[in-house]
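Chemist: Have a look at this one before I ask anything.
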Amino acid sequence: MSASKKGQEKKTGVNWVEAGKLFLIVLIIVGLAIGLAQPLAEKLQEHLGLDLKGGVHVVYEAIPSPGSPVTSDAIARLIAVIRNRVDALGVTEPVIQKEGTKRVVVELPGVKDPEEAVRLIGKTAHLEFKTEDGKTVLTGKDLKDARAQLNPQTSEPEVLLKFDKEGAKKFGEVTTANVGRRIVIYLDDKLLTAPVVEEPITTGEAVIRGGYRSLEEAQQEAILLRSGALPVKVELLEKRTVGPVLGKDSLDRSLKAGIIGILLIFVFMIAYYRVPGLIADLSLVVYGLLVAGIFLLIKATLTLPGIAGFILSIGMAVDANIIIYERIKEELRAGKTLRAAIDAGFQHAFRAILDANVTTLIAAAVLYYFGSGPIRGFAVTLSIGILTSMFTAITFTRYLLHLLARSRLVLNPKAYGA
């Protein structure tokens, strides 16, 4: 930088309006980091995958039967029914996905009773109402809802059924025509109850009572009924209980090691790049908050490969800043003013950053398309990290550097590593 240019910049003095903006942004970032770090970490730990939390892994295969061929639509409906049942169980972050043309993989992290969960998921749940002559008059397709409850008079568990509009009409007609006779209710060809119709029931509701040992058993049957019957029969091909690859102590140590590693990166950036290094650290904090927020927003499941993808994207975020700062240093050594060096540095660095990130995104897309399970998780977290790092490096870092230049707080090229 020439002496005249240095003199021009020094004579102008500090722009306290721009400096105030910069200080305010720094305070906001630091405040958000301190206030959100613990809540975000706790929320993310609720979204741990099977390899980190343990659970059960099962594989079902759809079996064709007369009237129920295995088609892509049947598999899609099968997955939807299984998902409804899993959601009703309260399992967090389940993985339910198609494998091949007729298999469905289900992973349930953290389930307390794997055997019962598998039994409930794979049950056909075909509900039938039959009259004494054996004729089916209603099926589970006519149901709108099913809820477990305790009988207010006897305190015995029972299941309250609510029919849809068409089902309520059918049930009213059937009960009117069969007063004094039995209506037999079956679930998967197993007799549930056979009450005598005492009077026409036109409210669109029915109750299944008797035979439930507990309210929990009634609730499990209600889950099956309101989630609907499986569109095709399924066969359990594989079932295995998976222990967490990393126990709680190992996971905590890994998190501590990760925090130490990130702090060392922060120290290195400040020691080597000085003021821009501090800007880079602020950008990395924003990057981390954004990525964590995106993971929670899309309800991403964190697995070991997924965490690896996130760590790799942190490295690429740091790399983007290094490319930019090296370009800025070159421009400062060439004698350009700080603002001109920042503009030129970003302009020259953009192509290299874009090329590196696009090629990595292409690789991630290939992994996602051809991979499954954890491989897809790695591809998703890597892609999210890369896109977020490009945003923070190209927009946020650039804005802070320009704000610093306009504030004229630090103008000495040595403070920028030049």
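Note on naming: chains are A, B, ... as they come in the structure tokens, residues start from 1 per chain, ligands start from 1 in the order shown.
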Can you check which residues of range 184-413 of chain A DSSP gives as strand (DSSP E or B) on the backbone and send them as a list of chain:residue names?
Modeler: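 Assigned to strand (DSSP E or B), within range 184-413 of chain A: A:Val184, A:Ile185, A:Tyr186, A:Leu187, A:Lys190, A:Leu191, A:Leu192, A:Thr193, A:Val196, A:Glu205, A:Ala206, A:Val207, A:Ile208, A:Arg209, A:Lys233, A:Val234, A:Glu235, A:Leu236, A:Leu237, A:Glu238, A:Lys239, A:Arg240, A:Thr241, A:Val242, A:Leu302.
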Chemist: Residues as selected, C-alpha atoms, written as a PDB file, in the first residue's frame, can you do that?
Modeler:
ATOM      1  CA  VAL A 184     -69.202 -60.701  15.902  1.00  0.00           C
ATOM      2  CA  ILE A 185     -66.023 -58.583  15.727  1.00  0.00           C
ATOM      3  CA  TYR A 186     -62.770 -60.113  14.461  1.00  0.00           C
ATOM      4  CA  LEU A 187     -59.244 -58.726  14.242  1.00  0.00           C
ATOM      5  CA  LYS A 190     -59.263 -63.608  15.948  1.00  0.00           C
ATOM      6  CA  LEU A 191     -62.538 -63.194  17.834  1.00  0.00           C
ATOM      7  CA  LEU A 192     -62.532 -59.980  19.864  1.00  0.00           C
ATOM      8  CA  THR A 193     -66.105 -59.816  21.085  1.00  0.00           C
ATOM      9  CA  VAL A 196     -75.907 -58.873  21.429  1.00  0.00           C
ATOM     10  CA  GLU A 205     -69.881 -45.391  17.670  1.00  0.00           C
ATOM     11  CA  ALA A 206     -69.234 -48.888  18.990  1.00  0.00           C
ATOM     12  CA  VAL A 207     -67.309 -50.321  21.932  1.00  0.00           C
ATOM     13  CA  ILE A 208     -65.069 -53.374  22.076  1.00  0.00           C
ATOM     14  CA  ARG A 209     -64.881 -54.595  25.662  1.00  0.00           C
ATOM     15  CA  LYS A 233     -49.273 -59.387   3.998  1.00  0.00           C
ATOM     16  CA  VAL A 234     -45.723 -59.076   5.275  1.00  0.00           C
ATOM     17  CA  GLU A 235     -43.073 -61.542   6.364  1.00  0.00           C
ATOM     18  CA  LEU A 236     -40.421 -60.685   8.941  1.00  0.00           C
ATOM     19  CA  LEU A 237     -37.088 -61.426   7.241  1.00  0.00           C
ATOM     20  CA  GLU A 238     -34.679 -59.955   9.763  1.00  0.00           C
ATOM     21  CA  LYS A 239     -34.812 -58.642  13.296  1.00  0.00           C
ATOM     22  CA  ARG A 240     -31.883 -57.623  15.422  1.00  0.00           C
ATOM     23  CA  THR A 241     -31.417 -55.553  18.507  1.00  0.00           C
ATOM     24  CA  VAL A 242     -28.663 -52.997  18.008  1.00  0.00           C
ATOM     25  CA  LEU A 302     -27.831 -37.947  13.613  1.00  0.00           C
TER      26      LEU A 302
END
Chemist: Leaving out range 178-182 of chain A and any residue of its chain fewer than 2 positions from it, which residues lie within 6 Å of it when counting only C-alpha atoms, given as a short mmCIF file (atom, residue, chain, number, x, y, z; two decimals) with C-alpha atoms, in the first residue's frame?
Modeler:
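And here's around05.cif as it stands now:
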data_model
loop_
_atom_site.label_atom_id
_atom_site.label_comp_id
_atom_site.auth_asym_id
_atom_site.auth_seq_id
_atom_site.Cartn_x
_atom_site.Cartn_y
_atom_site.Cartn_z
CA THR A 175 -77.87 -52.83 14.19
CA THR A 176 -81.45 -51.90 13.28
CA ALA A 194 -69.64 -60.87 20.10
CA PRO A 195 -72.14 -58.54 21.78
CA VAL A 196 -75.91 -58.87 21.43
CA VAL A 197 -77.52 -55.86 19.76
CA GLU A 198 -80.01 -54.50 22.28
CA GLU A 199 -81.18 -51.53 20.22
#
Chemist: Residues within 6 Å of range 110-114 of chain A, please, as a PyMOL selection string. Count only C-alpha atoms; anything in the same chain fewer than 4 positions from it doesn't count.
Modeler: chain A and resi 53-55
Chemist: In Å, with one decimal, what is the gap from CA of Glu217 in chain A to CA of Pro157 in chain A?
Modeler: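 For CA of Glu217 in chain A relative to CA of Pro157 in chain A, the distance reads 8.5 Å.
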Chemist: Could you check the closest approach to Pro69 in chain A for each of A:Pro231, A:Leu282, A:Arg274, A:Ala218 and tell me which residue wins, using only C-alpha atoms?
Modeler: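 Going through A:Pro231, A:Leu282, A:Arg274, A:Ala218 one by one, the smallest distance to Pro69 in chain A is for A:Pro231.
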Chemist: Just checking: using only C-alpha atoms, which residue out of A:Leu48, A:Leu264, A:Ala271, A:Val17 ends up closest to Ala415 in chain A?
Modeler: A:Ala271
Chemist: What is the distance between CA of Leu108 in chain A and CA of Pro94 in chain A, in Å to one decimal?
Modeler: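 Between CA of Leu108 in chain A and CA of Pro94 in chain A the gap works out to 4.9 Å.
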Chemist: Nearest residue to Ile342 in chain A out of A:Tyr399, A:Tyr369, A:Phe310, A:Phe378, using only C-alpha atoms?
Modeler: A:Tyr399
Chemist: If we count only C-alpha atoms and set the cut-off at 6 Å, which residues sit around Lys130 in chain A, ignoring sequence neighbours fewer than 5 positions away in its own chain? Please answer as a list in words.
Modeler: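 Counting only C-alpha atoms, the residues come to Lys135, Thr136, Val137, Ile183 and Val184 of chain A.
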Chemist: Please indicate the distance in Å from CA of Val26 in chain A to CA of Asn357 in chain A, rounded to one decimal place.
Modeler: 27.4 Å
Chemist: Hey, which of A:Pro39, A:Pro276, A:Gly204, A:Pro64 ends up closest to Gly293 in chain A? Count only C-alpha atoms.
Modeler: A:Pro39
